[in-house]
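Step one of this worksheet: look at the structure below.
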Amino acid sequence: MSLVLGAFTMGLILSLLSLGTLISFRMIRFTDITVDGSITLGASVAAVCIMRGWNPWAATGLAMLAGACAGAVTGLLHTRFRIQELLSGILVMTALYSINLRIMGRSNIPLMNSASISSGTEKLLNRSGNPFEKWNLAGWEVPLPDIANLACAAVVCLIVAFLLTRFLRTHFGTGLRAAGNNPQMARAQGINPETMIILSLALANGLVALSGALLAQYQGFADVQMGIGMMVWGLASIIIGEALISRVGIGLTICGTILGTILFRLLIAIALRWGLQPNDLKLVTAFFVFAALVLPHGLAALKKRTHRGERHA
Amino acid sequence: MLELVNLHKTFMPGTANEVRALQGVSLTIQPGTFAVLIGSNGSGKSTLLNAVAGSFAPDAGTIRLNGCDLTRLPEHRRAARIGRVFQNPFAGTAAEMSIAENLALAMHRGKHRSLRPALTRNARTQMADRIRELKMDLENRLDNPIGTLSGGQRQALTLLMATWTRPDLLLLDEHTAALDPKSAAKVTALTQSIVQREKLTTLMVTHSMQQAVDMSDRIIMMHRGAIVQDYRDEHKQRIRIPDLMAAFDRLARRELFDESVADLLKSQYA
Ligand SMILES: Nc1ncnc2c1ncn2[C@@H]1O[C@H](COP(=O)(O)OP(=O)(O)O)[C@@H](O)[C@H]1O
Ligand SMILES: [Mg+2]
């Protein structure tokens, strides 16, 4: 049970990362590798602020802001200085590696006994009259901090999903999506696609950094290596989400992405239980994304080939 | 009023592929005029429209619309005052967004894009009313992705979007050329009715001499990046298709003559 609860909490936290990737990869159509750096940026900013005694919520907010700045820089490199999109992201990601080391002062900050955004909830649960360290959840003994973590992650995730859905349906959000879908049309409707790229990447990496800040508090540490491969994880989650709920409206797309991320974490938890080496995780994820990207084309090509074969026969 | 003064544009200058697409185009179009631009392939018609829309800055010259200098303004800043329909029926709409979302974008062209919901009930009612006029059975499909519609339907909607906020200038670049004959006729009729009702200043490129003669107040012929004929007022009223064909023929013959003279000179001096 603890395993499932953990996978759920982790899924909810990482779904913020997936939502960020959704904005960059699917909405504004920008392959943004900044993600690998900005999730660590979020974690390190939050960790350092909490270590210095900041309120965890304020620390999380600042982390988000830092991520947004990183995304905006990637956008500026691409639009103002005409650097290829992938390279813009790589430059910022590389720079962020050093910046994150500078922020933390070392490669790893433990946060085991520090406050986190779920501390308040934990106290609340403690005070609510239950004298035990554990809660009885449908016959399972569950440690109280786990419940608090899950509740906090769920609340943050719900708020973000709600606000994001609302935002993407506004005049501005509609313009943003048009800029990604058809830049020529956007320009003809008076929208500057380049401004939209910068703002989208800021928003996307703000969410990614938020995810990083929550992740650091949940795991109990921030590590300079923790961002490696995160963008691909986000992609995998989006793809699973799209398989669960085919894209037809903004609300459903966002729900699908969150569900996809949770399902992905559950699958990973199960696979690890069955003996998958943690070291092989990124290889498996990369292969999964590869298959998901290539398979539809591959199937179409295969179909065409068999058709041609029939004609020749 | 649209005023173009001595526009020049050379693509890939200084290379072997250099193209002088506009070589000093000057043109004034009075408000409410429906002007049609004709000319052979590569004569610079699309380039002229792109220059006016702001897809690129001209090398030299001035573009003024109702007295306001647009020459250095980027495309998206001109869009508030210029409506545009492209030749490619898929270019003017965002395929993955719904009909309603596409229309909402057009209804707010040139206005502040706020953080208010784009699809209010009021907006939907307006959309349904306008779309009903198209008689394409689209009024109940407002929430379908626009990419699921046919080229003709999309082009009709693009036209609606381009004219929704009554632009100072409407640019149409062979916007019926890629459609099947039936859809083309429908979009042509729609163009005529909207332009007449709103009294729009229009600059339309077409390959159809019939369209040119039937729809326009003025016919401008381009050749090699310059304006070579300009039929207007009473002169335009008298123009028929054979006259336009004859003008094309004269251009072609002059071209042939130029080339044969060039060959002659080459053979004598080489
Ligand atoms: N973006 C471009 N880059 C290079 N050459 C171009 C570009 N756009 C147009 N041209 C060239 O300019 C000339 C005029 O093209 P265009 O204006 O499209 O002609 P048309 O009258 O058929 O619309 C053509 O020779 C074309 O190849
Ligand atoms: Mg053309």
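Simple scheme: letters A, B, ... for chains in structure tokens order, numbers from 1 for residues in each chain, numbers from 1 for ligands in the order shown.
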
> Leaving out region 6-12 of chain A and any residue of its chain fewer than 3 positions from it, which residues lie within 6 Å of it when counting only C-alpha atoms, given as a VMD selection string?
Replying inline: chain A and resid 2 to 3 15 150 153 261 to 262 265 to 266

Select all residues from chain B having any atom no more than 8 Å from an atom of chain A (counting only C-alpha atoms, ignoring ligands), output as a PDB file with all heavy atoms, in the first residue's frame.
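Written file, out.pdb:
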ATOM      1  N   GLU B  75       4.387  42.099 -39.366  1.00  0.00           N
ATOM      2  CA  GLU B  75       3.130  41.558 -39.882  1.00  0.00           C
ATOM      3  C   GLU B  75       2.008  41.536 -38.839  1.00  0.00           C
ATOM      4  O   GLU B  75       0.895  41.964 -39.106  1.00  0.00           O
ATOM      5  CB  GLU B  75       3.398  40.142 -40.389  1.00  0.00           C
ATOM      6  CG  GLU B  75       2.237  39.531 -41.115  1.00  0.00           C
ATOM      7  CD  GLU B  75       2.593  38.161 -41.682  1.00  0.00           C
ATOM      8  OE1 GLU B  75       3.768  37.759 -41.566  1.00  0.00           O
ATOM      9  OE2 GLU B  75       1.705  37.509 -42.226  1.00  0.00           O
ATOM     10  N   HIS B  76       2.331  41.056 -37.627  1.00  0.00           N
ATOM     11  CA  HIS B  76       1.263  40.898 -36.643  1.00  0.00           C
ATOM     12  C   HIS B  76       0.708  42.244 -36.173  1.00  0.00           C
ATOM     13  O   HIS B  76      -0.417  42.310 -35.689  1.00  0.00           O
ATOM     14  CB  HIS B  76       1.751  40.064 -35.452  1.00  0.00           C
ATOM     15  CG  HIS B  76       2.858  40.695 -34.671  1.00  0.00           C
ATOM     16  ND1 HIS B  76       2.635  41.430 -33.546  1.00  0.00           N
ATOM     17  CD2 HIS B  76       4.195  40.715 -34.875  1.00  0.00           C
ATOM     18  CE1 HIS B  76       3.787  41.869 -33.084  1.00  0.00           C
ATOM     19  NE2 HIS B  76       4.743  41.446 -33.870  1.00  0.00           N
ATOM     20  N   ARG B  77       1.503  43.310 -36.327  1.00  0.00           N
ATOM     21  CA  ARG B  77       0.994  44.638 -35.941  1.00  0.00           C
ATOM     22  C   ARG B  77       0.105  45.225 -37.038  1.00  0.00           C
ATOM     23  O   ARG B  77      -0.721  46.084 -36.786  1.00  0.00           O
ATOM     24  CB  ARG B  77       2.169  45.584 -35.664  1.00  0.00           C
ATOM     25  CG  ARG B  77       3.069  45.152 -34.517  1.00  0.00           C
ATOM     26  CD  ARG B  77       2.579  45.661 -33.172  1.00  0.00           C
ATOM     27  NE  ARG B  77       2.401  47.097 -33.169  1.00  0.00           N
ATOM     28  CZ  ARG B  77       3.385  47.977 -32.961  1.00  0.00           C
ATOM     29  NH1 ARG B  77       4.610  47.529 -32.734  1.00  0.00           N
ATOM     30  NH2 ARG B  77       3.146  49.259 -32.976  1.00  0.00           N
ATOM     31  N   ARG B  78       0.305  44.763 -38.281  1.00  0.00           N
ATOM     32  CA  ARG B  78      -0.540  45.260 -39.368  1.00  0.00           C
ATOM     33  C   ARG B  78      -1.876  44.542 -39.406  1.00  0.00           C
ATOM     34  O   ARG B  78      -2.831  45.027 -40.005  1.00  0.00           O
ATOM     35  CB  ARG B  78       0.143  45.036 -40.726  1.00  0.00           C
ATOM     36  CG  ARG B  78       1.456  45.761 -40.862  1.00  0.00           C
ATOM     37  CD  ARG B  78       1.994  45.599 -42.274  1.00  0.00           C
ATOM     38  NE  ARG B  78       3.418  45.903 -42.310  1.00  0.00           N
ATOM     39  CZ  ARG B  78       4.136  45.997 -43.412  1.00  0.00           C
ATOM     40  NH1 ARG B  78       3.567  45.790 -44.580  1.00  0.00           N
ATOM     41  NH2 ARG B  78       5.415  46.281 -43.357  1.00  0.00           N
ATOM     42  N   ALA B  79      -1.904  43.362 -38.775  1.00  0.00           N
ATOM     43  CA  ALA B  79      -3.077  42.486 -38.923  1.00  0.00           C
ATOM     44  C   ALA B  79      -4.353  43.148 -38.420  1.00  0.00           C
ATOM     45  O   ALA B  79      -5.442  42.823 -38.884  1.00  0.00           O
ATOM     46  CB  ALA B  79      -2.839  41.177 -38.179  1.00  0.00           C
ATOM     47  N   ALA B  80      -4.223  44.078 -37.477  1.00  0.00           N
ATOM     48  CA  ALA B  80      -5.412  44.744 -36.956  1.00  0.00           C
ATOM     49  C   ALA B  80      -6.163  45.440 -38.084  1.00  0.00           C
ATOM     50  O   ALA B  80      -7.378  45.595 -38.028  1.00  0.00           O
ATOM     51  CB  ALA B  80      -5.010  45.753 -35.886  1.00  0.00           C
ATOM     52  N   GLY B  83      -6.964  42.307 -43.440  1.00  0.00           N
ATOM     53  CA  GLY B  83      -7.458  40.937 -43.428  1.00  0.00           C
ATOM     54  C   GLY B  83      -6.858  40.196 -44.606  1.00  0.00           C
ATOM     55  O   GLY B  83      -6.580  40.785 -45.650  1.00  0.00           O
ATOM     56  N   ARG B  84      -6.660  38.896 -44.418  1.00  0.00           N
ATOM     57  CA  ARG B  84      -5.889  38.190 -45.434  1.00  0.00           C
ATOM     58  C   ARG B  84      -6.392  36.764 -45.621  1.00  0.00           C
ATOM     59  O   ARG B  84      -6.649  36.050 -44.652  1.00  0.00           O
ATOM     60  CB  ARG B  84      -4.444  38.152 -44.945  1.00  0.00           C
ATOM     61  CG  ARG B  84      -3.468  37.896 -46.017  1.00  0.00           C
ATOM     62  CD  ARG B  84      -2.079  38.005 -45.431  1.00  0.00           C
ATOM     63  NE  ARG B  84      -1.119  37.727 -46.464  1.00  0.00           N
ATOM     64  CZ  ARG B  84       0.127  37.374 -46.240  1.00  0.00           C
ATOM     65  NH1 ARG B  84       0.553  37.282 -45.011  1.00  0.00           N
ATOM     66  NH2 ARG B  84       0.930  37.125 -47.237  1.00  0.00           N
ATOM     67  N   ALA B  91      -3.927  27.291 -44.689  1.00  0.00           N
ATOM     68  CA  ALA B  91      -2.979  28.230 -44.086  1.00  0.00           C
ATOM     69  C   ALA B  91      -3.644  29.223 -43.145  1.00  0.00           C
ATOM     70  O   ALA B  91      -3.024  29.715 -42.224  1.00  0.00           O
ATOM     71  CB  ALA B  91      -2.228  28.980 -45.184  1.00  0.00           C
ATOM     72  N   GLY B  92      -4.932  29.492 -43.362  1.00  0.00           N
ATOM     73  CA  GLY B  92      -5.566  30.589 -42.641  1.00  0.00           C
ATOM     74  C   GLY B  92      -6.258  30.214 -41.346  1.00  0.00           C
ATOM     75  O   GLY B  92      -6.814  31.080 -40.668  1.00  0.00           O
ATOM     76  N   THR B  93      -6.239  28.924 -40.989  1.00  0.00           N
ATOM     77  CA  THR B  93      -6.911  28.494 -39.767  1.00  0.00           C
ATOM     78  C   THR B  93      -5.995  27.569 -38.972  1.00  0.00           C
ATOM     79  O   THR B  93      -5.085  26.968 -39.529  1.00  0.00           O
ATOM     80  CB  THR B  93      -8.211  27.735 -40.096  1.00  0.00           C
ATOM     81  OG1 THR B  93      -7.944  26.802 -41.149  1.00  0.00           O
ATOM     82  CG2 THR B  93      -9.312  28.671 -40.541  1.00  0.00           C
ATOM     83  N   ALA B  94      -6.240  27.454 -37.673  1.00  0.00           N
ATOM     84  CA  ALA B  94      -5.461  26.562 -36.813  1.00  0.00           C
ATOM     85  C   ALA B  94      -6.182  25.227 -36.746  1.00  0.00           C
ATOM     86  O   ALA B  94      -7.215  25.094 -36.088  1.00  0.00           O
ATOM     87  CB  ALA B  94      -5.293  27.157 -35.426  1.00  0.00           C
ATOM     88  N   ALA B  95      -5.630  24.214 -37.434  1.00  0.00           N
ATOM     89  CA  ALA B  95      -6.335  22.961 -37.701  1.00  0.00           C
ATOM     90  C   ALA B  95      -6.816  22.247 -36.443  1.00  0.00           C
ATOM     91  O   ALA B  95      -7.911  21.697 -36.421  1.00  0.00           O
ATOM     92  CB  ALA B  95      -5.445  22.039 -38.517  1.00  0.00           C
ATOM     93  N   GLU B  96      -6.005  22.254 -35.393  1.00  0.00           N
ATOM     94  CA  GLU B  96      -6.354  21.443 -34.226  1.00  0.00           C
ATOM     95  C   GLU B  96      -7.282  22.166 -33.264  1.00  0.00           C
ATOM     96  O   GLU B  96      -7.737  21.590 -32.285  1.00  0.00           O
ATOM     97  CB  GLU B  96      -5.079  21.008 -33.498  1.00  0.00           C
ATOM     98  CG  GLU B  96      -4.348  19.932 -34.272  1.00  0.00           C
ATOM     99  CD  GLU B  96      -3.128  19.421 -33.548  1.00  0.00           C
ATOM    100  OE1 GLU B  96      -2.962  19.724 -32.364  1.00  0.00           O
ATOM    101  OE2 GLU B  96      -2.342  18.730 -34.206  1.00  0.00           O
ATOM    102  N   MET B  97      -7.552  23.436 -33.553  1.00  0.00           N
ATOM    103  CA  MET B  97      -8.458  24.168 -32.681  1.00  0.00           C
ATOM    104  C   MET B  97      -9.864  24.157 -33.293  1.00  0.00           C
ATOM    105  O   MET B  97     -10.027  23.967 -34.492  1.00  0.00           O
ATOM    106  CB  MET B  97      -7.929  25.579 -32.476  1.00  0.00           C
ATOM    107  CG  MET B  97      -6.568  25.538 -31.801  1.00  0.00           C
ATOM    108  SD  MET B  97      -5.740  27.111 -31.714  1.00  0.00           S
ATOM    109  CE  MET B  97      -6.776  27.969 -30.558  1.00  0.00           C
ATOM    110  N   GLU B 101     -13.064  28.414 -31.589  1.00  0.00           N
ATOM    111  CA  GLU B 101     -11.819  29.036 -31.109  1.00  0.00           C
ATOM    112  C   GLU B 101     -11.156  29.842 -32.216  1.00  0.00           C
ATOM    113  O   GLU B 101     -10.636  30.943 -31.985  1.00  0.00           O
ATOM    114  CB  GLU B 101     -10.869  27.959 -30.580  1.00  0.00           C
ATOM    115  CG  GLU B 101     -11.288  27.419 -29.233  1.00  0.00           C
ATOM    116  CD  GLU B 101     -10.476  26.214 -28.789  1.00  0.00           C
ATOM    117  OE1 GLU B 101     -10.000  25.449 -29.661  1.00  0.00           O
ATOM    118  OE2 GLU B 101     -10.331  26.024 -27.589  1.00  0.00           O
ATOM    119  N   ALA B 104     -13.093  32.977 -32.563  1.00  0.00           N
ATOM    120  CA  ALA B 104     -12.863  33.870 -31.423  1.00  0.00           C
ATOM    121  C   ALA B 104     -11.564  34.652 -31.609  1.00  0.00           C
ATOM    122  O   ALA B 104     -11.475  35.837 -31.273  1.00  0.00           O
ATOM    123  CB  ALA B 104     -12.815  33.060 -30.129  1.00  0.00           C
ATOM    124  N   LEU B 105     -10.562  33.968 -32.158  1.00  0.00           N
ATOM    125  CA  LEU B 105      -9.287  34.643 -32.416  1.00  0.00           C
ATOM    126  C   LEU B 105      -9.497  35.791 -33.391  1.00  0.00           C
ATOM    127  O   LEU B 105      -8.932  36.881 -33.230  1.00  0.00           O
ATOM    128  CB  LEU B 105      -8.277  33.658 -33.009  1.00  0.00           C
ATOM    129  CG  LEU B 105      -7.648  32.688 -32.022  1.00  0.00           C
ATOM    130  CD1 LEU B 105      -6.961  31.555 -32.756  1.00  0.00           C
ATOM    131  CD2 LEU B 105      -6.648  33.441 -31.167  1.00  0.00           C
ATOM    132  N   ALA B 106     -10.308  35.540 -34.423  1.00  0.00           N
ATOM    133  CA  ALA B 106     -10.528  36.561 -35.445  1.00  0.00           C
ATOM    134  C   ALA B 106     -11.375  37.715 -34.912  1.00  0.00           C
ATOM    135  O   ALA B 106     -11.147  38.872 -35.250  1.00  0.00           O
ATOM    136  CB  ALA B 106     -11.195  35.940 -36.664  1.00  0.00           C
ATOM    137  N   HIS B 108     -11.254  38.932 -32.129  1.00  0.00           N
ATOM    138  CA  HIS B 108     -10.432  39.782 -31.268  1.00  0.00           C
ATOM    139  C   HIS B 108      -9.185  40.297 -31.962  1.00  0.00           C
ATOM    140  O   HIS B 108      -8.259  40.756 -31.305  1.00  0.00           O
ATOM    141  CB  HIS B 108     -10.058  39.030 -30.001  1.00  0.00           C
ATOM    142  CG  HIS B 108     -10.924  39.409 -28.854  1.00  0.00           C
ATOM    143  ND1 HIS B 108     -12.248  39.060 -28.810  1.00  0.00           N
ATOM    144  CD2 HIS B 108     -10.685  40.150 -27.752  1.00  0.00           C
ATOM    145  CE1 HIS B 108     -12.771  39.559 -27.713  1.00  0.00           C
ATOM    146  NE2 HIS B 108     -11.855  40.225 -27.059  1.00  0.00           N
ATOM    147  N   ARG B 109      -9.160  40.176 -33.284  1.00  0.00           N
ATOM    148  CA  ARG B 109      -7.978  40.670 -33.995  1.00  0.00           C
ATOM    149  C   ARG B 109      -7.820  42.168 -33.746  1.00  0.00           C
ATOM    150  O   ARG B 109      -8.766  42.924 -33.871  1.00  0.00           O
ATOM    151  CB  ARG B 109      -8.105  40.402 -35.486  1.00  0.00           C
ATOM    152  CG  ARG B 109      -6.802  40.618 -36.209  1.00  0.00           C
ATOM    153  CD  ARG B 109      -6.824  40.071 -37.595  1.00  0.00           C
ATOM    154  NE  ARG B 109      -7.612  40.890 -38.468  1.00  0.00           N
ATOM    155  CZ  ARG B 109      -8.500  40.423 -39.324  1.00  0.00           C
ATOM    156  NH1 ARG B 109      -8.716  39.137 -39.399  1.00  0.00           N
ATOM    157  NH2 ARG B 109      -9.169  41.229 -40.093  1.00  0.00           N
ATOM    158  N   GLY B 110      -6.599  42.555 -33.373  1.00  0.00           N
ATOM    159  CA  GLY B 110      -6.332  43.972 -33.136  1.00  0.00           C
ATOM    160  C   GLY B 110      -6.791  44.468 -31.781  1.00  0.00           C
ATOM    161  O   GLY B 110      -6.560  45.617 -31.439  1.00  0.00           O
ATOM    162  N   ARG B 113      -5.617  40.945 -26.024  1.00  0.00           N
ATOM    163  CA  ARG B 113      -5.965  39.549 -25.741  1.00  0.00           C
ATOM    164  C   ARG B 113      -5.894  39.334 -24.236  1.00  0.00           C
ATOM    165  O   ARG B 113      -4.846  39.097 -23.676  1.00  0.00           O
ATOM    166  CB  ARG B 113      -5.048  38.605 -26.501  1.00  0.00           C
ATOM    167  CG  ARG B 113      -5.239  38.771 -27.996  1.00  0.00           C
ATOM    168  CD  ARG B 113      -4.802  37.589 -28.804  1.00  0.00           C
ATOM    169  NE  ARG B 113      -4.953  37.911 -30.221  1.00  0.00           N
ATOM    170  CZ  ARG B 113      -6.036  37.637 -30.929  1.00  0.00           C
ATOM    171  NH1 ARG B 113      -7.041  37.012 -30.381  1.00  0.00           N
ATOM    172  NH2 ARG B 113      -6.099  37.978 -32.198  1.00  0.00           N
ATOM    173  N   SER B 114      -7.054  39.388 -23.602  1.00  0.00           N
ATOM    174  CA  SER B 114      -7.124  39.435 -22.143  1.00  0.00           C
ATOM    175  C   SER B 114      -7.164  38.040 -21.544  1.00  0.00           C
ATOM    176  O   SER B 114      -7.124  37.035 -22.253  1.00  0.00           O
ATOM    177  CB  SER B 114      -8.380  40.184 -21.732  1.00  0.00           C
ATOM    178  OG  SER B 114      -9.499  39.414 -22.129  1.00  0.00           O
ATOM    179  N   LEU B 115      -7.267  37.991 -20.223  1.00  0.00           N
ATOM    180  CA  LEU B 115      -7.390  36.721 -19.516  1.00  0.00           C
ATOM    181  C   LEU B 115      -8.854  36.424 -19.194  1.00  0.00           C
ATOM    182  O   LEU B 115      -9.188  35.878 -18.160  1.00  0.00           O
ATOM    183  CB  LEU B 115      -6.538  36.733 -18.250  1.00  0.00           C
ATOM    184  CG  LEU B 115      -5.034  36.713 -18.519  1.00  0.00           C
ATOM    185  CD1 LEU B 115      -4.239  36.771 -17.237  1.00  0.00           C
ATOM    186  CD2 LEU B 115      -4.635  35.464 -19.310  1.00  0.00           C
ATOM    187  N   ARG B 116      -9.726  36.829 -20.104  1.00  0.00           N
ATOM    188  CA  ARG B 116     -11.144  36.483 -19.981  1.00  0.00           C
ATOM    189  C   ARG B 116     -11.417  35.280 -20.872  1.00  0.00           C
ATOM    190  O   ARG B 116     -10.744  35.104 -21.889  1.00  0.00           O
ATOM    191  CB  ARG B 116     -12.013  37.640 -20.459  1.00  0.00           C
ATOM    192  CG  ARG B 116     -11.839  38.894 -19.665  1.00  0.00           C
ATOM    193  CD  ARG B 116     -13.193  39.365 -19.123  1.00  0.00           C
ATOM    194  NE  ARG B 116     -12.997  40.427 -18.169  1.00  0.00           N
ATOM    195  CZ  ARG B 116     -12.827  41.704 -18.533  1.00  0.00           C
ATOM    196  NH1 ARG B 116     -12.842  42.026 -19.796  1.00  0.00           N
ATOM    197  NH2 ARG B 116     -12.646  42.627 -17.616  1.00  0.00           N
ATOM    198  N   PRO B 117     -12.409  34.472 -20.534  1.00  0.00           N
ATOM    199  CA  PRO B 117     -12.740  33.315 -21.380  1.00  0.00           C
ATOM    200  C   PRO B 117     -13.010  33.753 -22.821  1.00  0.00           C
ATOM    201  O   PRO B 117     -13.701  34.746 -23.051  1.00  0.00           O
ATOM    202  CB  PRO B 117     -14.000  32.750 -20.735  1.00  0.00           C
ATOM    203  CG  PRO B 117     -13.951  33.214 -19.322  1.00  0.00           C
ATOM    204  CD  PRO B 117     -13.257  34.532 -19.332  1.00  0.00           C
ATOM    205  N   ALA B 118     -12.468  32.998 -23.770  1.00  0.00           N
ATOM    206  CA  ALA B 118     -12.619  33.380 -25.176  1.00  0.00           C
ATOM    207  C   ALA B 118     -14.006  33.035 -25.696  1.00  0.00           C
ATOM    208  O   ALA B 118     -14.560  33.745 -26.527  1.00  0.00           O
ATOM    209  CB  ALA B 118     -11.549  32.700 -26.013  1.00  0.00           C
ATOM    210  N   LEU B 119     -14.575  31.932 -25.201  1.00  0.00           N
ATOM    211  CA  LEU B 119     -15.842  31.467 -25.759  1.00  0.00           C
ATOM    212  C   LEU B 119     -16.992  31.745 -24.805  1.00  0.00           C
ATOM    213  O   LEU B 119     -17.430  30.874 -24.052  1.00  0.00           O
ATOM    214  CB  LEU B 119     -15.760  29.969 -26.073  1.00  0.00           C
ATOM    215  CG  LEU B 119     -14.733  29.598 -27.143  1.00  0.00           C
ATOM    216  CD1 LEU B 119     -14.725  28.102 -27.379  1.00  0.00           C
ATOM    217  CD2 LEU B 119     -15.020  30.331 -28.426  1.00  0.00           C
TER     218      LEU B 119
END

> Hey, which of B:Asn102, B:Ser26, B:Ser43, B:Ser267 ends up closest to ligand 1? Count only C-alpha atoms and all ligand atoms.
Replying inline: B:Ser43

>> Could you list, as a list in words, all residues that come within 12 Å of ligand 2? Count only C-alpha atoms and all ligand atoms.
In response: Ala21, Leu37, Ile38, Gly39, Ser40, Asn41, Gly42, Ser43, Gly44, Lys45, Ser46, Thr47, Leu48, Leu49, Asn50, Phe86, Gln87, Asn88, Leu172, Asp173, Glu174, His175, Ala177, Ala178, Met204, Val205, Thr206, His207 and Met222 of chain B

> How many Å separate CA of Leu283 (chain A) from CA of Gln225 (chain A)?
Replying inline: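 Going from CA of Leu283 (chain A) over to CA of Gln225 (chain A) covers 16.4 Å.
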